[in-house]
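So this block is data-v6.cif, mmCIF, N, CA and C atoms:
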```cif
data_run
loop_
_atom_site.label_atom_id
_atom_site.label_comp_id
_atom_site.auth_asym_id
_atom_site.auth_seq_id
_atom_site.Cartn_x
_atom_site.Cartn_y
_atom_site.Cartn_z
N MET A 1009 -77.05 -117.89 -40.66
CA MET A 1009 -78.08 -118.46 -39.80
C MET A 1009 -79.23 -117.47 -39.69
N ALA A 1010 -80.44 -117.97 -39.82
CA ALA A 1010 -81.62 -117.13 -39.69
C ALA A 1010 -82.01 -117.01 -38.22
N TYR A 1011 -82.39 -115.82 -37.82
CA TYR A 1011 -82.81 -115.58 -36.45
C TYR A 1011 -84.26 -115.14 -36.42
N THR A 1012 -84.94 -115.46 -35.34
CA THR A 1012 -86.28 -114.94 -35.10
C THR A 1012 -86.11 -113.53 -34.53
N LYS A 1013 -87.21 -112.82 -34.35
CA LYS A 1013 -87.17 -111.50 -33.72
C LYS A 1013 -86.56 -111.62 -32.32
N PHE A 1014 -86.98 -112.65 -31.58
CA PHE A 1014 -86.42 -112.88 -30.25
C PHE A 1014 -84.92 -113.14 -30.35
N GLY A 1015 -84.53 -113.97 -31.30
CA GLY A 1015 -83.11 -114.28 -31.51
C GLY A 1015 -82.29 -113.04 -31.83
N GLU A 1016 -82.85 -112.15 -32.62
CA GLU A 1016 -82.15 -110.90 -32.95
C GLU A 1016 -81.92 -110.05 -31.71
N LEU A 1017 -82.95 -109.95 -30.86
CA LEU A 1017 -82.83 -109.15 -29.64
C LEU A 1017 -81.80 -109.75 -28.69
N VAL A 1018 -81.81 -111.07 -28.55
CA VAL A 1018 -80.85 -111.74 -27.68
C VAL A 1018 -79.43 -111.55 -28.21
N ARG A 1019 -79.29 -111.62 -29.50
CA ARG A 1019 -77.97 -111.41 -30.12
C ARG A 1019 -77.48 -109.98 -29.85
N ILE A 1020 -78.35 -109.01 -29.95
CA ILE A 1020 -77.99 -107.62 -29.66
C ILE A 1020 -77.52 -107.48 -28.21
N ILE A 1021 -78.23 -108.13 -27.30
CA ILE A 1021 -77.84 -108.10 -25.88
C ILE A 1021 -76.44 -108.69 -25.72
N ARG A 1022 -76.19 -109.81 -26.37
CA ARG A 1022 -74.87 -110.45 -26.31
C ARG A 1022 -73.78 -109.53 -26.81
N ILE A 1023 -74.03 -108.90 -27.94
CA ILE A 1023 -73.03 -108.01 -28.55
C ILE A 1023 -72.76 -106.82 -27.63
N ARG A 1024 -73.83 -106.26 -27.06
CA ARG A 1024 -73.67 -105.14 -26.12
C ARG A 1024 -72.80 -105.50 -24.93
N HIS A 1025 -72.86 -106.76 -24.53
CA HIS A 1025 -72.08 -107.22 -23.37
C HIS A 1025 -70.80 -107.95 -23.77
N HIS A 1026 -70.45 -107.86 -25.05
CA HIS A 1026 -69.21 -108.46 -25.57
C HIS A 1026 -69.11 -109.95 -25.25
N GLU A 1027 -70.21 -110.65 -25.49
CA GLU A 1027 -70.27 -112.08 -25.22
C GLU A 1027 -70.55 -112.86 -26.50
N VAL A 1028 -70.07 -114.08 -26.52
CA VAL A 1028 -70.44 -115.02 -27.58
C VAL A 1028 -71.59 -115.87 -27.04
N MET A 1029 -72.21 -116.65 -27.91
CA MET A 1029 -73.37 -117.42 -27.53
C MET A 1029 -73.06 -118.37 -26.36
N GLY A 1030 -71.89 -118.95 -26.37
CA GLY A 1030 -71.51 -119.86 -25.29
C GLY A 1030 -71.48 -119.17 -23.93
N ASP A 1031 -70.99 -117.93 -23.90
CA ASP A 1031 -70.96 -117.17 -22.65
C ASP A 1031 -72.37 -116.94 -22.13
N MET A 1032 -73.27 -116.54 -23.03
CA MET A 1032 -74.64 -116.26 -22.62
C MET A 1032 -75.33 -117.54 -22.15
N ALA A 1033 -75.14 -118.62 -22.88
CA ALA A 1033 -75.76 -119.89 -22.51
C ALA A 1033 -75.33 -120.29 -21.09
N LYS A 1034 -74.05 -120.17 -20.82
CA LYS A 1034 -73.53 -120.53 -19.50
C LYS A 1034 -74.12 -119.63 -18.42
N LYS A 1035 -74.17 -118.32 -18.70
CA LYS A 1035 -74.70 -117.35 -17.74
C LYS A 1035 -76.18 -117.63 -17.43
N LEU A 1036 -76.93 -118.08 -18.45
CA LEU A 1036 -78.37 -118.33 -18.29
C LEU A 1036 -78.68 -119.76 -17.85
N GLY A 1037 -77.64 -120.59 -17.73
CA GLY A 1037 -77.86 -121.98 -17.31
C GLY A 1037 -78.44 -122.85 -18.41
N LEU A 1038 -78.09 -122.54 -19.66
CA LEU A 1038 -78.59 -123.30 -20.81
C LEU A 1038 -77.43 -123.99 -21.52
N LYS A 1039 -77.76 -124.99 -22.28
CA LYS A 1039 -76.76 -125.61 -23.15
C LYS A 1039 -76.72 -124.79 -24.44
N LEU A 1040 -75.54 -124.66 -25.01
CA LEU A 1040 -75.35 -123.86 -26.22
C LEU A 1040 -76.30 -124.27 -27.36
N PRO A 1041 -76.43 -125.57 -27.68
CA PRO A 1041 -77.34 -125.93 -28.78
C PRO A 1041 -78.80 -125.51 -28.52
N PHE A 1042 -79.21 -125.55 -27.25
CA PHE A 1042 -80.58 -125.15 -26.92
C PHE A 1042 -80.78 -123.66 -27.15
N LEU A 1043 -79.82 -122.83 -26.71
CA LEU A 1043 -79.92 -121.39 -26.94
C LEU A 1043 -79.93 -121.10 -28.44
N SER A 1044 -79.10 -121.79 -29.18
CA SER A 1044 -79.06 -121.61 -30.64
C SER A 1044 -80.41 -121.97 -31.26
N ALA A 1045 -81.02 -123.06 -30.80
CA ALA A 1045 -82.33 -123.47 -31.33
C ALA A 1045 -83.42 -122.45 -31.00
N ILE A 1046 -83.32 -121.83 -29.85
CA ILE A 1046 -84.28 -120.79 -29.48
C ILE A 1046 -84.12 -119.58 -30.40
N GLU A 1047 -82.88 -119.16 -30.60
CA GLU A 1047 -82.62 -117.99 -31.44
C GLU A 1047 -83.07 -118.20 -32.88
N SER A 1048 -82.91 -119.41 -33.38
CA SER A 1048 -83.27 -119.68 -34.77
C SER A 1048 -84.73 -120.07 -34.96
N GLY A 1049 -85.48 -120.18 -33.84
CA GLY A 1049 -86.90 -120.49 -33.94
C GLY A 1049 -87.21 -121.96 -33.99
N LYS A 1050 -86.22 -122.81 -33.78
CA LYS A 1050 -86.47 -124.25 -33.79
C LYS A 1050 -87.08 -124.71 -32.48
N LYS A 1051 -86.93 -123.92 -31.43
CA LYS A 1051 -87.54 -124.20 -30.12
C LYS A 1051 -88.24 -122.94 -29.64
N ASN A 1052 -89.34 -123.12 -28.93
CA ASN A 1052 -90.03 -121.99 -28.32
C ASN A 1052 -89.22 -121.47 -27.13
N VAL A 1053 -89.43 -120.23 -26.79
CA VAL A 1053 -88.76 -119.60 -25.66
C VAL A 1053 -89.38 -120.13 -24.37
N PRO A 1054 -88.59 -120.76 -23.48
CA PRO A 1054 -89.13 -121.22 -22.21
C PRO A 1054 -89.69 -120.06 -21.39
N ALA A 1055 -90.72 -120.33 -20.62
CA ALA A 1055 -91.43 -119.29 -19.88
C ALA A 1055 -90.52 -118.47 -18.97
N ASP A 1056 -89.56 -119.10 -18.33
CA ASP A 1056 -88.71 -118.38 -17.37
C ASP A 1056 -87.47 -117.74 -17.98
N LEU A 1057 -87.22 -117.96 -19.25
CA LEU A 1057 -85.99 -117.46 -19.86
C LEU A 1057 -85.94 -115.93 -19.91
N ILE A 1058 -87.03 -115.30 -20.21
CA ILE A 1058 -87.04 -113.84 -20.28
C ILE A 1058 -86.68 -113.24 -18.94
N THR A 1059 -87.24 -113.79 -17.88
CA THR A 1059 -86.92 -113.30 -16.52
C THR A 1059 -85.43 -113.45 -16.24
N ARG A 1060 -84.86 -114.59 -16.61
CA ARG A 1060 -83.42 -114.80 -16.39
C ARG A 1060 -82.58 -113.81 -17.18
N ILE A 1061 -82.98 -113.55 -18.43
CA ILE A 1061 -82.23 -112.59 -19.26
C ILE A 1061 -82.31 -111.20 -18.64
N VAL A 1062 -83.51 -110.79 -18.25
CA VAL A 1062 -83.72 -109.47 -17.65
C VAL A 1062 -82.85 -109.31 -16.40
N GLU A 1063 -82.83 -110.33 -15.57
CA GLU A 1063 -82.05 -110.26 -14.33
C GLU A 1063 -80.55 -110.28 -14.60
N CYS A 1064 -80.09 -111.17 -15.46
CA CYS A 1064 -78.65 -111.29 -15.75
C CYS A 1064 -78.08 -110.05 -16.43
N TYR A 1065 -78.88 -109.43 -17.30
CA TYR A 1065 -78.38 -108.32 -18.10
C TYR A 1065 -78.96 -106.98 -17.67
N HIS A 1066 -79.68 -106.96 -16.55
CA HIS A 1066 -80.21 -105.73 -15.96
C HIS A 1066 -80.96 -104.88 -16.99
N LEU A 1067 -81.94 -105.51 -17.63
CA LEU A 1067 -82.71 -104.83 -18.67
C LEU A 1067 -83.82 -103.99 -18.06
N SER A 1068 -84.22 -102.97 -18.80
CA SER A 1068 -85.30 -102.09 -18.37
C SER A 1068 -86.65 -102.78 -18.59
N ALA A 1069 -87.70 -102.21 -18.03
CA ALA A 1069 -89.05 -102.73 -18.22
C ALA A 1069 -89.43 -102.68 -19.70
N GLU A 1070 -88.99 -101.65 -20.39
CA GLU A 1070 -89.28 -101.51 -21.82
C GLU A 1070 -88.58 -102.63 -22.61
N GLU A 1071 -87.33 -102.91 -22.28
CA GLU A 1071 -86.60 -103.99 -22.95
C GLU A 1071 -87.22 -105.34 -22.65
N GLU A 1072 -87.68 -105.52 -21.41
CA GLU A 1072 -88.35 -106.75 -21.04
C GLU A 1072 -89.62 -106.94 -21.87
N GLN A 1073 -90.41 -105.89 -22.01
CA GLN A 1073 -91.64 -105.97 -22.79
C GLN A 1073 -91.33 -106.30 -24.25
N GLU A 1074 -90.27 -105.72 -24.77
CA GLU A 1074 -89.87 -106.00 -26.15
C GLU A 1074 -89.50 -107.48 -26.31
N LEU A 1075 -88.80 -108.04 -25.33
CA LEU A 1075 -88.46 -109.47 -25.36
C LEU A 1075 -89.72 -110.33 -25.29
N ILE A 1076 -90.66 -109.96 -24.43
CA ILE A 1076 -91.91 -110.71 -24.30
C ILE A 1076 -92.66 -110.74 -25.63
N GLU A 1077 -92.78 -109.58 -26.26
CA GLU A 1077 -93.49 -109.50 -27.54
C GLU A 1077 -92.76 -110.27 -28.63
N ALA A 1078 -91.43 -110.18 -28.64
CA ALA A 1078 -90.64 -110.90 -29.64
C ALA A 1078 -90.75 -112.41 -29.43
N ALA A 1079 -90.77 -112.85 -28.18
CA ALA A 1079 -90.90 -114.28 -27.89
C ALA A 1079 -92.23 -114.80 -28.42
N GLU A 1080 -93.29 -114.04 -28.20
CA GLU A 1080 -94.61 -114.45 -28.68
C GLU A 1080 -94.63 -114.48 -30.22
N GLU A 1081 -94.04 -113.48 -30.83
CA GLU A 1081 -93.99 -113.41 -32.30
C GLU A 1081 -93.15 -114.55 -32.88
N SER A 1082 -92.18 -115.03 -32.11
CA SER A 1082 -91.26 -116.04 -32.59
C SER A 1082 -91.72 -117.47 -32.31
N ARG A 1083 -92.84 -117.62 -31.62
CA ARG A 1083 -93.33 -118.98 -31.29
C ARG A 1083 -93.55 -119.79 -32.56
N THR A 1084 -93.17 -121.05 -32.48
CA THR A 1084 -93.36 -121.93 -33.63
C THR A 1084 -94.45 -122.97 -33.39
N GLN A 1085 -94.86 -123.14 -32.13
CA GLN A 1085 -95.91 -124.10 -31.81
C GLN A 1085 -96.82 -123.52 -30.74
N TYR A 1086 -98.09 -123.89 -30.83
CA TYR A 1086 -99.09 -123.48 -29.85
C TYR A 1086 -99.84 -124.71 -29.39
N LYS A 1087 -100.27 -124.69 -28.16
CA LYS A 1087 -101.03 -125.79 -27.60
C LYS A 1087 -102.41 -125.25 -27.23
N ILE A 1088 -103.45 -125.95 -27.67
CA ILE A 1088 -104.82 -125.54 -27.38
C ILE A 1088 -105.46 -126.59 -26.48
N SER A 1089 -105.95 -126.16 -25.35
CA SER A 1089 -106.65 -127.07 -24.45
C SER A 1089 -108.10 -127.15 -24.89
N THR A 1090 -108.61 -128.36 -24.99
CA THR A 1090 -110.02 -128.55 -25.35
C THR A 1090 -110.82 -129.02 -24.14
N ILE A 1091 -110.22 -128.89 -22.96
CA ILE A 1091 -110.95 -129.25 -21.73
C ILE A 1091 -112.15 -128.31 -21.61
N GLY A 1092 -113.30 -128.88 -21.47
CA GLY A 1092 -114.52 -128.08 -21.33
C GLY A 1092 -115.09 -127.60 -22.65
N ALA A 1093 -114.43 -127.92 -23.75
CA ALA A 1093 -114.92 -127.48 -25.06
C ALA A 1093 -116.01 -128.44 -25.55
N GLY A 1094 -116.97 -127.88 -26.26
CA GLY A 1094 -118.01 -128.70 -26.85
C GLY A 1094 -117.50 -129.40 -28.10
N ILE A 1095 -118.28 -130.30 -28.62
CA ILE A 1095 -117.88 -131.07 -29.80
C ILE A 1095 -117.63 -130.17 -31.01
N SER A 1096 -118.44 -129.13 -31.18
CA SER A 1096 -118.26 -128.22 -32.31
C SER A 1096 -116.95 -127.45 -32.18
N GLN A 1097 -116.63 -127.03 -30.96
CA GLN A 1097 -115.37 -126.32 -30.73
C GLN A 1097 -114.17 -127.23 -31.00
N ARG A 1098 -114.27 -128.48 -30.57
CA ARG A 1098 -113.18 -129.43 -30.82
C ARG A 1098 -112.99 -129.68 -32.31
N LYS A 1099 -114.10 -129.83 -33.02
CA LYS A 1099 -114.03 -130.04 -34.47
C LYS A 1099 -113.42 -128.82 -35.16
N ALA A 1100 -113.81 -127.63 -34.71
CA ALA A 1100 -113.27 -126.40 -35.29
C ALA A 1100 -111.76 -126.31 -35.07
N ALA A 1101 -111.31 -126.64 -33.85
CA ALA A 1101 -109.87 -126.59 -33.55
C ALA A 1101 -109.10 -127.58 -34.42
N LEU A 1102 -109.64 -128.77 -34.57
CA LEU A 1102 -108.99 -129.79 -35.38
C LEU A 1102 -108.96 -129.39 -36.85
N GLN A 1103 -110.05 -128.86 -37.36
CA GLN A 1103 -110.10 -128.43 -38.76
C GLN A 1103 -109.12 -127.28 -39.00
N PHE A 1104 -109.06 -126.35 -38.06
CA PHE A 1104 -108.12 -125.23 -38.19
C PHE A 1104 -106.69 -125.77 -38.25
N ALA A 1105 -106.34 -126.69 -37.36
CA ALA A 1105 -104.99 -127.25 -37.34
C ALA A 1105 -104.66 -127.96 -38.66
N ARG A 1106 -105.63 -128.69 -39.20
CA ARG A 1106 -105.41 -129.40 -40.47
C ARG A 1106 -105.25 -128.43 -41.64
N SER A 1107 -105.95 -127.31 -41.59
CA SER A 1107 -105.96 -126.36 -42.71
C SER A 1107 -104.88 -125.30 -42.61
N PHE A 1108 -104.26 -125.16 -41.45
CA PHE A 1108 -103.38 -124.03 -41.18
C PHE A 1108 -102.25 -123.86 -42.20
N GLU A 1109 -101.51 -124.91 -42.49
CA GLU A 1109 -100.35 -124.80 -43.37
C GLU A 1109 -100.71 -124.37 -44.79
N LYS A 1110 -101.92 -124.70 -45.22
CA LYS A 1110 -102.34 -124.37 -46.58
C LYS A 1110 -103.11 -123.05 -46.66
N MET A 1111 -103.35 -122.44 -45.51
CA MET A 1111 -104.16 -121.22 -45.46
C MET A 1111 -103.41 -120.04 -46.08
N ASP A 1112 -104.09 -119.32 -46.98
CA ASP A 1112 -103.47 -118.12 -47.56
C ASP A 1112 -103.78 -116.91 -46.67
N ASP A 1113 -103.12 -115.79 -46.95
CA ASP A 1113 -103.27 -114.59 -46.12
C ASP A 1113 -104.71 -114.07 -46.12
N GLU A 1114 -105.37 -114.13 -47.26
CA GLU A 1114 -106.75 -113.63 -47.34
C GLU A 1114 -107.67 -114.41 -46.41
N THR A 1115 -107.54 -115.73 -46.41
CA THR A 1115 -108.36 -116.56 -45.53
C THR A 1115 -108.01 -116.29 -44.07
N ALA A 1116 -106.73 -116.17 -43.76
CA ALA A 1116 -106.30 -115.89 -42.39
C ALA A 1116 -106.90 -114.57 -41.91
N LEU A 1117 -106.91 -113.56 -42.76
CA LEU A 1117 -107.48 -112.27 -42.39
C LEU A 1117 -108.99 -112.37 -42.15
N ARG A 1118 -109.68 -113.18 -42.97
CA ARG A 1118 -111.12 -113.37 -42.78
C ARG A 1118 -111.40 -114.08 -41.45
N VAL A 1119 -110.58 -115.08 -41.11
CA VAL A 1119 -110.72 -115.79 -39.83
C VAL A 1119 -110.50 -114.81 -38.68
N LEU A 1120 -109.45 -114.00 -38.78
CA LEU A 1120 -109.16 -113.01 -37.74
C LEU A 1120 -110.32 -112.03 -37.57
N GLU A 1121 -110.87 -111.60 -38.69
CA GLU A 1121 -112.00 -110.67 -38.66
C GLU A 1121 -113.21 -111.32 -37.98
N LEU A 1122 -113.48 -112.55 -38.32
CA LEU A 1122 -114.60 -113.27 -37.72
C LEU A 1122 -114.40 -113.43 -36.21
N LEU A 1123 -113.20 -113.84 -35.81
CA LEU A 1123 -112.94 -114.03 -34.39
C LEU A 1123 -112.93 -112.71 -33.63
N SER A 1124 -112.43 -111.66 -34.24
CA SER A 1124 -112.43 -110.34 -33.60
C SER A 1124 -113.84 -109.84 -33.39
N SER A 1125 -114.72 -110.07 -34.36
CA SER A 1125 -116.10 -109.61 -34.23
C SER A 1125 -116.80 -110.37 -33.10
N LYS A 1126 -116.44 -111.62 -32.88
CA LYS A 1126 -117.03 -112.41 -31.77
C LYS A 1126 -116.55 -111.89 -30.43
N GLU A 1127 -115.28 -111.46 -30.35
CA GLU A 1127 -114.74 -110.90 -29.12
C GLU A 1127 -115.42 -109.58 -28.78
N ASP A 1128 -115.77 -108.82 -29.81
CA ASP A 1128 -116.39 -107.51 -29.61
C ASP A 1128 -117.87 -107.61 -29.26
N GLY A 1129 -118.40 -108.84 -29.29
CA GLY A 1129 -119.79 -109.05 -28.91
C GLY A 1129 -120.77 -108.96 -30.04
N ASP A 1130 -120.28 -108.96 -31.28
CA ASP A 1130 -121.19 -108.90 -32.44
C ASP A 1130 -121.86 -110.22 -32.70
#
```

Could the structure of this file be written out as structure tokens, please?
Amino acid sequence: MAYTKFGELVRIIRIRHHEVMGDMAKKLGLKLPFLSAIESGKKNVPADLITRIVECYHLSAEEEQELIEAAEESRTQYKISTIGAGISQRKAALQFARSFEKMDDETALRVLELLSSKEDGD
């Protein structure tokens, strides 16, 4: 089974506490298939799950931050609000979504560079 970065960290926590996935799911108030889907990247990490893991397993602030970063890296879907966006912004968001799967690394890097330069005020 393939794991996301978040899934790998959660698995390490389980192993450290001598638990199987079912034990962890029960402790966190989740169904086993849902926890499995999160670990494998088929589902995004729910917003409150990291807090529950930190509390249940008494993790340090550093471990919590590592989980937060791994959860973000492991996301499979993003939602963009276009409330208040102009027509050009909406068209850009739609075009990006349509082009995303076919985008190569070089193009992605150029887009990142362009967006970064806009953030820097250029």

So which residues get picked by the PyMOL selection byres (((chain A and resi 1070-1081 and name CA) around 12) and name CA) here, written as a ChimeraX atom specification? /A:1011-1021,1046-1049,1051-1069,1082-1086

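Our summary of the geometry notes that atom N of Ser1044 (chain A) is positioned 15.1 Å from CA of Ile1023 (chain A).
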
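Going from CA of Gln1097 (chain A) to CA of Asp1113 (chain A) covers 22.8 Å.
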
What gap, in Å, lies between CA of Pro1041 (chain A) and atom N of Val1028 (chain A)?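 Spanning CA of Pro1041 (chain A) to atom N of Val1028 (chain A) is a straight-line distance of 14.1 Å.
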
I'd like to know which residues of chain A are helix (DSSP H, G or I) (by DSSP, run on the backbone); could you write them as a ChimeraX atom specification? /A:1013-1024,1029-1036,1040-1048,1057-1065,1069-1082,1095-1110,1113-1127

Tell me which protein, DNA and RNA residues are within 12 Å of Lys1087 (chain A), counting only C-alpha atoms, leaving out same-chain ones fewer than 5 positions away, and put them as a ChimeraX atom specification. /A:1052,1101-1102,1105
